[in-house]
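Data file: input-v3.tsv. Format and content: TSV, C-alpha atoms.
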```tsv
chain	number	residue	atom	x	y	z
A	7	LEU	CA	28.71	31.35	-27.42
A	8	ILE	CA	29.31	33.82	-30.30
A	9	ILE	CA	26.48	34.51	-32.75
A	10	SER	CA	27.10	35.13	-36.45
A	11	ASN	CA	24.47	36.18	-39.01
A	12	SER	CA	26.01	34.09	-41.82
A	13	MET	CA	27.88	30.86	-42.44
A	14	ALA	CA	30.60	32.96	-44.09
A	15	GLY	CA	30.99	34.93	-40.87
A	16	LYS	CA	31.10	31.77	-38.81
A	17	ASN	CA	33.76	30.21	-41.03
A	18	ARG	CA	35.80	33.41	-41.00
A	19	LEU	CA	35.90	33.45	-37.22
A	20	ILE	CA	36.80	29.76	-37.07
A	21	ASN	CA	39.56	30.00	-39.71
A	22	VAL	CA	40.91	33.51	-39.05
A	23	GLU	CA	40.14	34.19	-35.40
A	24	LYS	CA	40.65	30.52	-34.44
A	25	ILE	CA	37.45	30.42	-32.38
A	26	PRO	CA	36.33	26.79	-31.89
A	27	ALA	CA	33.36	25.79	-34.03
A	28	GLU	CA	31.37	24.62	-31.02
A	29	LYS	CA	31.42	28.19	-29.68
A	30	ARG	CA	29.91	29.63	-32.86
A	31	GLN	CA	26.27	29.66	-33.90
A	32	VAL	CA	24.55	31.11	-36.96
A	33	ILE	CA	21.27	32.99	-36.56
A	34	TYR	CA	20.12	34.66	-39.74
A	35	ASN	CA	18.59	38.14	-39.82
A	36	GLY	CA	15.06	38.67	-41.04
A	37	VAL	CA	13.25	41.64	-42.61
A	38	ASP	CA	9.66	42.76	-43.01
A	39	ILE	CA	7.95	43.08	-46.38
A	40	PRO	CA	7.29	46.83	-46.69
A	41	LEU	CA	3.93	48.28	-47.64
A	42	PRO	CA	3.93	49.71	-51.17
A	43	ILE	CA	4.20	53.46	-51.62
A	44	THR	CA	1.92	55.49	-53.87
A	45	GLU	CA	2.79	56.84	-57.30
A	46	GLU	CA	2.56	60.35	-55.84
A	47	GLU	CA	5.17	59.44	-53.21
A	48	LYS	CA	7.42	58.01	-55.91
A	49	LYS	CA	7.00	61.19	-57.95
A	50	LYS	CA	8.16	63.32	-55.00
A	51	ILE	CA	11.21	61.10	-54.50
A	52	ARG	CA	12.08	61.28	-58.21
A	53	GLU	CA	11.84	65.07	-58.08
A	54	LYS	CA	14.03	65.26	-54.96
A	55	TYR	CA	16.83	63.18	-56.47
A	56	HIS	CA	16.32	64.21	-60.12
A	57	ILE	CA	15.34	60.72	-61.25
A	58	PRO	CA	13.68	60.69	-64.70
A	59	GLU	CA	10.58	58.53	-65.15
A	60	ASN	CA	11.83	56.94	-68.35
A	61	GLY	CA	15.18	55.25	-67.88
A	62	PHE	CA	16.54	52.65	-65.54
A	63	THR	CA	17.75	53.47	-62.02
A	64	PHE	CA	20.16	51.37	-59.96
A	65	LEU	CA	20.64	52.02	-56.24
A	66	CYS	CA	23.74	51.23	-54.20
A	67	ALA	CA	23.40	51.89	-50.47
A	68	ALA	CA	26.73	51.41	-48.71
A	69	SER	CA	29.17	53.46	-46.69
A	70	PHE	CA	32.06	54.83	-48.73
A	71	GLN	CA	34.77	52.48	-47.48
A	72	LYS	CA	37.33	50.65	-49.57
A	73	LYS	CA	35.85	47.26	-48.64
A	74	LYS	CA	32.52	48.28	-50.22
A	75	GLY	CA	34.10	48.24	-53.68
A	76	HIS	CA	32.78	51.55	-55.04
A	77	SER	CA	35.78	51.87	-57.37
A	78	LEU	CA	34.87	48.55	-58.99
A	79	LEU	CA	31.25	49.61	-59.25
A	80	LEU	CA	32.10	52.93	-60.91
A	81	SER	CA	34.46	51.26	-63.40
A	82	ALA	CA	31.60	48.97	-64.41
A	83	PHE	CA	29.03	51.75	-64.63
A	84	LYS	CA	31.27	53.93	-66.75
A	85	GLU	CA	30.93	51.31	-69.50
A	86	ILE	CA	27.26	50.63	-68.77
A	87	ILE	CA	26.37	54.32	-69.10
A	88	ASN	CA	28.41	54.70	-72.30
A	89	LYS	CA	26.23	52.00	-73.86
A	90	ASN	CA	23.00	52.99	-72.10
A	91	PRO	CA	22.90	56.76	-71.45
A	92	GLU	CA	19.43	56.44	-69.90
A	93	VAL	CA	20.89	54.52	-66.92
A	94	LEU	CA	21.15	56.25	-63.57
A	95	LEU	CA	23.12	55.10	-60.51
A	96	LEU	CA	22.24	56.46	-57.08
A	97	LEU	CA	24.91	56.17	-54.39
A	98	ALA	CA	23.49	56.43	-50.87
A	99	GLY	CA	25.88	56.78	-47.95
A	100	GLU	CA	28.87	58.67	-46.57
A	101	GLY	CA	32.46	57.79	-45.74
A	102	GLU	CA	36.15	58.47	-46.23
A	103	GLU	CA	36.25	57.19	-49.83
A	104	LYS	CA	33.52	59.53	-51.05
A	105	ILE	CA	35.86	62.32	-52.20
A	106	LYS	CA	37.80	59.82	-54.32
A	107	ILE	CA	34.60	58.51	-55.90
A	108	ILE	CA	33.30	62.02	-56.61
A	109	SER	CA	36.60	62.81	-58.37
A	110	PHE	CA	36.23	59.72	-60.56
A	111	VAL	CA	32.71	60.75	-61.52
A	112	LYS	CA	33.83	64.28	-62.47
A	113	GLU	CA	36.92	63.13	-64.37
A	114	ASN	CA	34.79	60.80	-66.46
A	115	ARG	CA	31.94	63.28	-66.93
A	116	LEU	CA	29.36	61.03	-65.34
A	117	GLU	CA	27.65	63.70	-63.20
A	118	GLN	CA	24.38	63.43	-65.15
A	119	ASN	CA	24.11	59.70	-64.51
A	120	ILE	CA	25.60	59.17	-61.04
A	121	ILE	CA	23.88	60.88	-58.12
A	122	PHE	CA	25.17	61.11	-54.56
A	123	THR	CA	22.22	61.17	-52.15
A	124	GLY	CA	24.06	61.18	-48.83
A	125	VAL	CA	22.62	59.05	-46.05
A	126	VAL	CA	18.92	58.45	-46.72
A	127	THR	CA	16.58	57.74	-43.82
A	128	PRO	CA	14.28	55.96	-44.24
A	129	LEU	CA	15.85	54.18	-47.20
A	130	ILE	CA	12.95	51.90	-48.17
A	131	PRO	CA	10.87	54.50	-50.13
A	132	LEU	CA	13.89	55.38	-52.27
A	133	MET	CA	14.59	51.69	-52.78
A	134	GLN	CA	10.98	51.16	-53.88
A	135	THR	CA	11.30	54.00	-56.40
A	136	CYS	CA	14.45	52.61	-58.06
A	137	ASP	CA	14.49	49.70	-60.51
A	138	ALA	CA	17.35	47.53	-59.23
A	139	PHE	CA	19.87	47.26	-56.41
A	140	VAL	CA	23.62	46.72	-56.68
A	141	LEU	CA	26.28	46.00	-54.05
A	142	SER	CA	29.94	45.54	-54.95
A	143	SER	CA	31.40	44.77	-51.51
A	144	LEU	CA	34.62	42.79	-51.25
A	145	TRP	CA	33.21	41.07	-48.16
A	146	GLU	CA	29.88	41.00	-46.35
A	147	GLY	CA	28.08	38.79	-43.90
A	148	ILE	CA	24.33	38.90	-44.52
A	149	PRO	CA	23.69	42.57	-45.34
A	150	ASN	CA	20.24	43.71	-44.24
A	151	VAL	CA	20.17	46.22	-47.09
A	152	LEU	CA	20.29	43.36	-49.60
A	153	LEU	CA	17.39	41.58	-47.91
A	154	GLU	CA	15.47	44.87	-47.85
A	155	ALA	CA	16.02	45.38	-51.57
A	156	MET	CA	14.73	41.90	-52.33
A	157	ALA	CA	11.77	42.52	-50.01
A	158	CYS	CA	11.03	45.59	-52.17
A	159	GLU	CA	10.87	43.26	-55.20
A	160	LYS	CA	14.07	44.56	-56.75
A	161	ALA	CA	16.41	42.64	-59.00
A	162	VAL	CA	19.81	42.60	-57.31
A	163	ILE	CA	23.40	42.44	-58.53
A	164	VAL	CA	25.85	41.64	-55.74
A	165	SER	CA	29.39	40.35	-55.32
A	166	ASN	CA	29.87	36.64	-54.79
A	167	ALA	CA	31.66	37.49	-51.56
A	168	GLY	CA	31.12	36.58	-47.93
A	169	GLY	CA	27.58	35.50	-47.14
A	170	MET	CA	25.78	37.04	-50.10
A	171	ASN	CA	25.67	33.71	-51.92
A	172	GLU	CA	23.70	32.40	-48.92
A	173	ILE	CA	20.91	34.76	-50.02
A	174	VAL	CA	21.14	35.06	-53.80
A	175	GLU	CA	20.94	32.18	-56.25
A	176	ASN	CA	22.64	33.35	-59.42
A	177	GLU	CA	20.29	34.13	-62.31
A	178	ARG	CA	17.27	32.91	-60.34
A	179	ASP	CA	16.60	35.68	-57.82
A	180	GLY	CA	19.54	37.96	-58.62
A	181	PHE	CA	23.08	38.03	-59.95
A	182	LEU	CA	26.26	36.99	-58.17
A	183	SER	CA	29.10	38.90	-59.81
A	184	GLU	CA	32.64	37.59	-59.66
A	185	SER	CA	34.59	39.46	-56.99
A	186	PRO	CA	36.44	41.70	-57.58
A	187	SER	CA	35.42	42.14	-61.21
A	188	PRO	CA	33.99	45.29	-62.84
A	189	ASP	CA	33.48	43.26	-66.03
A	190	SER	CA	31.19	40.81	-64.22
A	191	ILE	CA	29.12	43.63	-62.71
A	192	ARG	CA	28.88	45.27	-66.15
A	193	ASP	CA	27.84	42.08	-67.91
A	194	ASN	CA	25.15	41.29	-65.33
A	195	ALA	CA	23.74	44.81	-65.48
A	196	LEU	CA	23.60	44.66	-69.26
A	197	LYS	CA	21.68	41.37	-69.07
A	198	LEU	CA	19.05	43.11	-66.93
A	199	LEU	CA	18.82	46.05	-69.28
A	200	LYS	CA	18.51	43.94	-72.42
A	201	ASN	CA	15.87	41.49	-71.18
A	202	LYS	CA	12.88	43.07	-69.45
A	203	SER	CA	11.02	39.80	-68.90
A	204	PHE	CA	14.10	38.29	-67.25
A	205	TYR	CA	14.43	41.42	-65.13
A	206	ARG	CA	10.81	41.12	-63.97
A	207	LYS	CA	11.25	37.42	-63.19
A	208	LEU	CA	14.34	38.05	-61.07
A	209	SER	CA	12.47	40.77	-59.19
A	210	GLU	CA	9.50	38.51	-58.49
A	211	ASN	CA	11.74	35.65	-57.40
A	212	ALA	CA	13.68	37.96	-55.08
A	213	LEU	CA	10.51	38.94	-53.24
A	214	ASN	CA	9.32	35.33	-53.07
A	215	LYS	CA	12.70	34.22	-51.67
A	216	VAL	CA	12.50	36.76	-48.83
A	217	ARG	CA	8.89	35.87	-48.08
A	218	LEU	CA	9.75	32.19	-47.77
A	219	LYS	CA	13.11	32.31	-46.00
A	220	TRP	CA	13.92	35.71	-44.54
A	221	THR	CA	10.82	37.11	-42.80
```

How does the structure come out when it is put into structure tokens?
Amino acid sequence: LIISNSMAGKNRLINVEKIPAEKRQVIYNGVDIPLPITEEEKKKIREKYHIPENGFTFLCAASFQKKKGHSLLLSAFKEIINKNPEVLLLLAGEGEEKIKIISFVKENRLEQNIIFTGVVTPLIPLMQTCDAFVLSSLWEGIPNVLLEAMACEKAVIVSNAGGMNEIVENERDGFLSESPSPDSIRDNALKLLKNKSFYRKLSENALNKVRLKWT
């Protein structure tokens, strides 16, 4: 018996790897709801990563691999930042594509708005300090980092790829962006930025979804 953490993963193994369906089983991951951190702790994190208090901060935590779609994400955020210079994007992780992404940031003069944090451990306090979470992967199963972001009561923008639509219901507890589409990521981010009450509702619904189904 082979265990998968998503229906997308199960179907991929059946259709691509030709493993019989009766030998596959889906067992979803779960996450804990983290304890809140203090305002003093958030202040220290903002100082460490140069995050201003006024503005809006997105976090993407993913290894720098082509399948994680950082190029799509940066194309979207170039336009987002041009329209909303107070927006910040934190990129947490390492990998072979990082040099390419750094070059894009420098060529487009985005250094003030896009911050490379390296691998952050533990990640949850940084996640709690940011305003929203974004993941532009071309394929995922059920990424724990997405569940953790929702457990931190963060609005999420993710690709409608792999198993992420098994977690996120579009415009109810997050956004499912068309994949691969920088325009879709951009449009969803702008919706969050323009409508604060909608942003807060998505954040609340994200936490409630995890509490009910993923803990």

Could you tell me how far CA of Leu144 in chain A lies from CA of Ser187 in chain A, in Å and to one decimal?
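Going from CA of Leu144 in chain A over to CA of Ser187 in chain A, I get 10.0 Å.
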
Contacts of range 53-141 of chain A with range 155-176 of chain A up to 10 Å, shortest pair per row, all atoms listed in the file, as a tab-separated table:
```
residue	atom	partner	partner_atom	distance
A:Phe64	CA	A:Val162	CA	9.2
A:Leu65	CA	A:Ala155	CA	9.3
A:Cys66	CA	A:Ile163	CA	9.8
A:Ala67	CA	A:Ala155	CA	9.9
A:Lys74	CA	A:Ser165	CA	9.9
A:Gly75	CA	A:Ser165	CA	9.3
A:Leu129	CA	A:Ala155	CA	9.8
A:Ile130	CA	A:Cys158	CA	7.7
A:Pro131	CA	A:Cys158	CA	9.1
A:Met133	CA	A:Ala155	CA	6.6
A:Gln134	CA	A:Cys158	CA	5.8
A:Thr135	CA	A:Cys158	CA	9.4
A:Cys136	CA	A:Lys160	CA	8.2
A:Asp137	CA	A:Lys160	CA	6.4
A:Ala138	CA	A:Ala161	CA	5.0
A:Phe139	CA	A:Val162	CA	4.7
A:Val140	CA	A:Ile163	CA	4.7
A:Leu141	CA	A:Val164	CA	4.7
```

Quick one, how far is CA of Asn90 in chain A from CA of Phe204 in chain A?
17.9 Å

Wanna dump the range 62-88 of chain A-range 110-118 of chain A contacts at 9 Å for me, each residue with its shortest atom pair and the distance in Å to one decimal, counting only C-alpha atoms, ordered by chain and number, as JSON lines?
```
{"residue": "A:Ser77", "atom": "CA", "partner": "A:Phe110", "partner_atom": "CA", "distance": 8.5}
{"residue": "A:Leu80", "atom": "CA", "partner": "A:Val111", "partner_atom": "CA", "distance": 7.9}
{"residue": "A:Lys84", "atom": "CA", "partner": "A:Leu116", "partner_atom": "CA", "distance": 7.5}
{"residue": "A:Ile87", "atom": "CA", "partner": "A:Leu116", "partner_atom": "CA", "distance": 8.3}
```

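Considering the residues A:Asn88, A:Asn119, A:Glu45, A:Val93 and counting all atoms listed in the file, Asn60 in chain A has its shortest atom-to-atom contact with A:Val93.
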
Determine the nearest neighbour of Thr127 in chain A from the options A:Arg52, A:Glu28, A:Leu78, A:Ala98, counting all atoms listed in the file.
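For Thr127 in chain A, the nearest of the given residues is A:Ala98.
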
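The gap separating CA of Trp220 in chain A from CA of Val32 in chain A is 13.8 Å, in Å to one decimal.
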
Ref. answer, residues at most 9 Å from (25.6, 43.4, -63.1) with only C-alpha atoms, as a list in words:
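The residues that fall inside the cut-off are Ala82, Val140, Val162, Ile163, Val164, Phe181, Leu182, Ser183, Pro188, Asp189, Ser190, Ile191, Arg192, Asp193, Asn194, Ala195, Leu196, Lys197 and Leu198 of chain A.
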
Keeping C-alpha atoms, export the residues of the selection given above as a PDB file, in the frame of the given file.
```pdb
ATOM      1  CA  ALA A  82      31.600  48.970 -64.410  1.00  0.00           C
ATOM      2  CA  VAL A 140      23.620  46.720 -56.680  1.00  0.00           C
ATOM      3  CA  VAL A 162      19.810  42.600 -57.310  1.00  0.00           C
ATOM      4  CA  ILE A 163      23.400  42.440 -58.530  1.00  0.00           C
ATOM      5  CA  VAL A 164      25.850  41.640 -55.740  1.00  0.00           C
ATOM      6  CA  PHE A 181      23.080  38.030 -59.950  1.00  0.00           C
ATOM      7  CA  LEU A 182      26.260  36.990 -58.170  1.00  0.00           C
ATOM      8  CA  SER A 183      29.100  38.900 -59.810  1.00  0.00           C
ATOM      9  CA  PRO A 188      33.990  45.290 -62.840  1.00  0.00           C
ATOM     10  CA  ASP A 189      33.480  43.260 -66.030  1.00  0.00           C
ATOM     11  CA  SER A 190      31.190  40.810 -64.220  1.00  0.00           C
ATOM     12  CA  ILE A 191      29.120  43.630 -62.710  1.00  0.00           C
ATOM     13  CA  ARG A 192      28.880  45.270 -66.150  1.00  0.00           C
ATOM     14  CA  ASP A 193      27.840  42.080 -67.910  1.00  0.00           C
ATOM     15  CA  ASN A 194      25.150  41.290 -65.330  1.00  0.00           C
ATOM     16  CA  ALA A 195      23.740  44.810 -65.480  1.00  0.00           C
ATOM     17  CA  LEU A 196      23.600  44.660 -69.260  1.00  0.00           C
ATOM     18  CA  LYS A 197      21.680  41.370 -69.070  1.00  0.00           C
ATOM     19  CA  LEU A 198      19.050  43.110 -66.930  1.00  0.00           C
TER      20      LEU A 198
END
```

Given only C-alpha atoms as the basis, pick out the residue of A:Ala212, A:Ile121, A:Ile148, A:Ile86 nearest to Lys54 in chain A.
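That would be A:Ile121, the residue with the smallest distance to Lys54 in chain A.
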
Using only C-alpha atoms, can you tell me which of A:Asn150, A:Lys219, A:Leu94, A:Ile9 comes closest to Tyr55 in chain A?
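Using only C-alpha atoms, the shortest distance to Tyr55 in chain A belongs to A:Leu94.
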
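Shortest atom-to-atom contact with Arg217 in chain A among A:Leu97, A:Lys50, A:Thr63, A:Leu153: A:Leu153, counting all atoms listed in the file.
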
Please, can range 64-81 of chain A be completed to N, CA and C atoms and returned as a PDB file, keeping the file's coordinate frame?
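Generated file (result-v7.pdb):
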```pdb
ATOM      1  N   PHE A  64      19.549  52.287 -60.917  1.00  0.00           N
ATOM      2  CA  PHE A  64      20.160  51.370 -59.960  1.00  0.00           C
ATOM      3  C   PHE A  64      20.427  52.130 -58.664  1.00  0.00           C
ATOM      4  N   LEU A  65      20.308  51.444 -57.547  1.00  0.00           N
ATOM      5  CA  LEU A  65      20.640  52.020 -56.240  1.00  0.00           C
ATOM      6  C   LEU A  65      21.732  51.184 -55.584  1.00  0.00           C
ATOM      7  N   CYS A  66      22.749  51.864 -55.070  1.00  0.00           N
ATOM      8  CA  CYS A  66      23.740  51.230 -54.200  1.00  0.00           C
ATOM      9  C   CYS A  66      23.717  51.981 -52.877  1.00  0.00           C
ATOM     10  N   ALA A  67      23.412  51.286 -51.803  1.00  0.00           N
ATOM     11  CA  ALA A  67      23.400  51.890 -50.470  1.00  0.00           C
ATOM     12  C   ALA A  67      24.488  51.227 -49.636  1.00  0.00           C
ATOM     13  N   ALA A  68      25.581  51.950 -49.435  1.00  0.00           N
ATOM     14  CA  ALA A  68      26.730  51.410 -48.710  1.00  0.00           C
ATOM     15  C   ALA A  68      27.627  52.554 -48.283  1.00  0.00           C
ATOM     16  N   SER A  69      28.238  52.433 -47.127  1.00  0.00           N
ATOM     17  CA  SER A  69      29.170  53.460 -46.690  1.00  0.00           C
ATOM     18  C   SER A  69      30.369  53.501 -47.632  1.00  0.00           C
ATOM     19  N   PHE A  70      30.942  54.679 -47.810  1.00  0.00           N
ATOM     20  CA  PHE A  70      32.060  54.830 -48.730  1.00  0.00           C
ATOM     21  C   PHE A  70      33.355  54.405 -48.027  1.00  0.00           C
ATOM     22  N   GLN A  71      33.556  53.094 -48.004  1.00  0.00           N
ATOM     23  CA  GLN A  71      34.770  52.480 -47.480  1.00  0.00           C
ATOM     24  C   GLN A  71      35.359  51.609 -48.577  1.00  0.00           C
ATOM     25  N   LYS A  72      36.670  51.417 -48.522  1.00  0.00           N
ATOM     26  CA  LYS A  72      37.330  50.650 -49.570  1.00  0.00           C
ATOM     27  C   LYS A  72      36.744  49.258 -49.721  1.00  0.00           C
ATOM     28  N   LYS A  73      36.368  48.627 -48.593  1.00  0.00           N
ATOM     29  CA  LYS A  73      35.850  47.260 -48.640  1.00  0.00           C
ATOM     30  C   LYS A  73      34.489  47.154 -49.328  1.00  0.00           C
ATOM     31  N   LYS A  74      33.822  48.298 -49.553  1.00  0.00           N
ATOM     32  CA  LYS A  74      32.520  48.280 -50.220  1.00  0.00           C
ATOM     33  C   LYS A  74      32.647  48.262 -51.742  1.00  0.00           C
ATOM     34  N   GLY A  75      33.862  48.454 -52.257  1.00  0.00           N
ATOM     35  CA  GLY A  75      34.100  48.240 -53.680  1.00  0.00           C
ATOM     36  C   GLY A  75      33.511  49.279 -54.617  1.00  0.00           C
ATOM     37  N   HIS A  76      33.360  50.534 -54.155  1.00  0.00           N
ATOM     38  CA  HIS A  76      32.780  51.550 -55.040  1.00  0.00           C
ATOM     39  C   HIS A  76      33.619  51.778 -56.298  1.00  0.00           C
ATOM     40  N   SER A  77      34.941  51.666 -56.190  1.00  0.00           N
ATOM     41  CA  SER A  77      35.780  51.870 -57.370  1.00  0.00           C
ATOM     42  C   SER A  77      35.480  50.839 -58.450  1.00  0.00           C
ATOM     43  N   LEU A  78      35.255  49.593 -58.045  1.00  0.00           N
ATOM     44  CA  LEU A  78      34.870  48.550 -58.990  1.00  0.00           C
ATOM     45  C   LEU A  78      33.520  48.863 -59.621  1.00  0.00           C
ATOM     46  N   LEU A  79      32.602  49.295 -58.778  1.00  0.00           N
ATOM     47  CA  LEU A  79      31.250  49.610 -59.250  1.00  0.00           C
ATOM     48  C   LEU A  79      31.278  50.730 -60.275  1.00  0.00           C
ATOM     49  N   LEU A  80      32.045  51.796 -59.990  1.00  0.00           N
ATOM     50  CA  LEU A  80      32.100  52.930 -60.910  1.00  0.00           C
ATOM     51  C   LEU A  80      32.797  52.567 -62.215  1.00  0.00           C
ATOM     52  N   SER A  81      33.808  51.716 -62.166  1.00  0.00           N
ATOM     53  CA  SER A  81      34.460  51.260 -63.400  1.00  0.00           C
ATOM     54  C   SER A  81      33.469  50.517 -64.284  1.00  0.00           C
TER      55      SER A  81
END
```
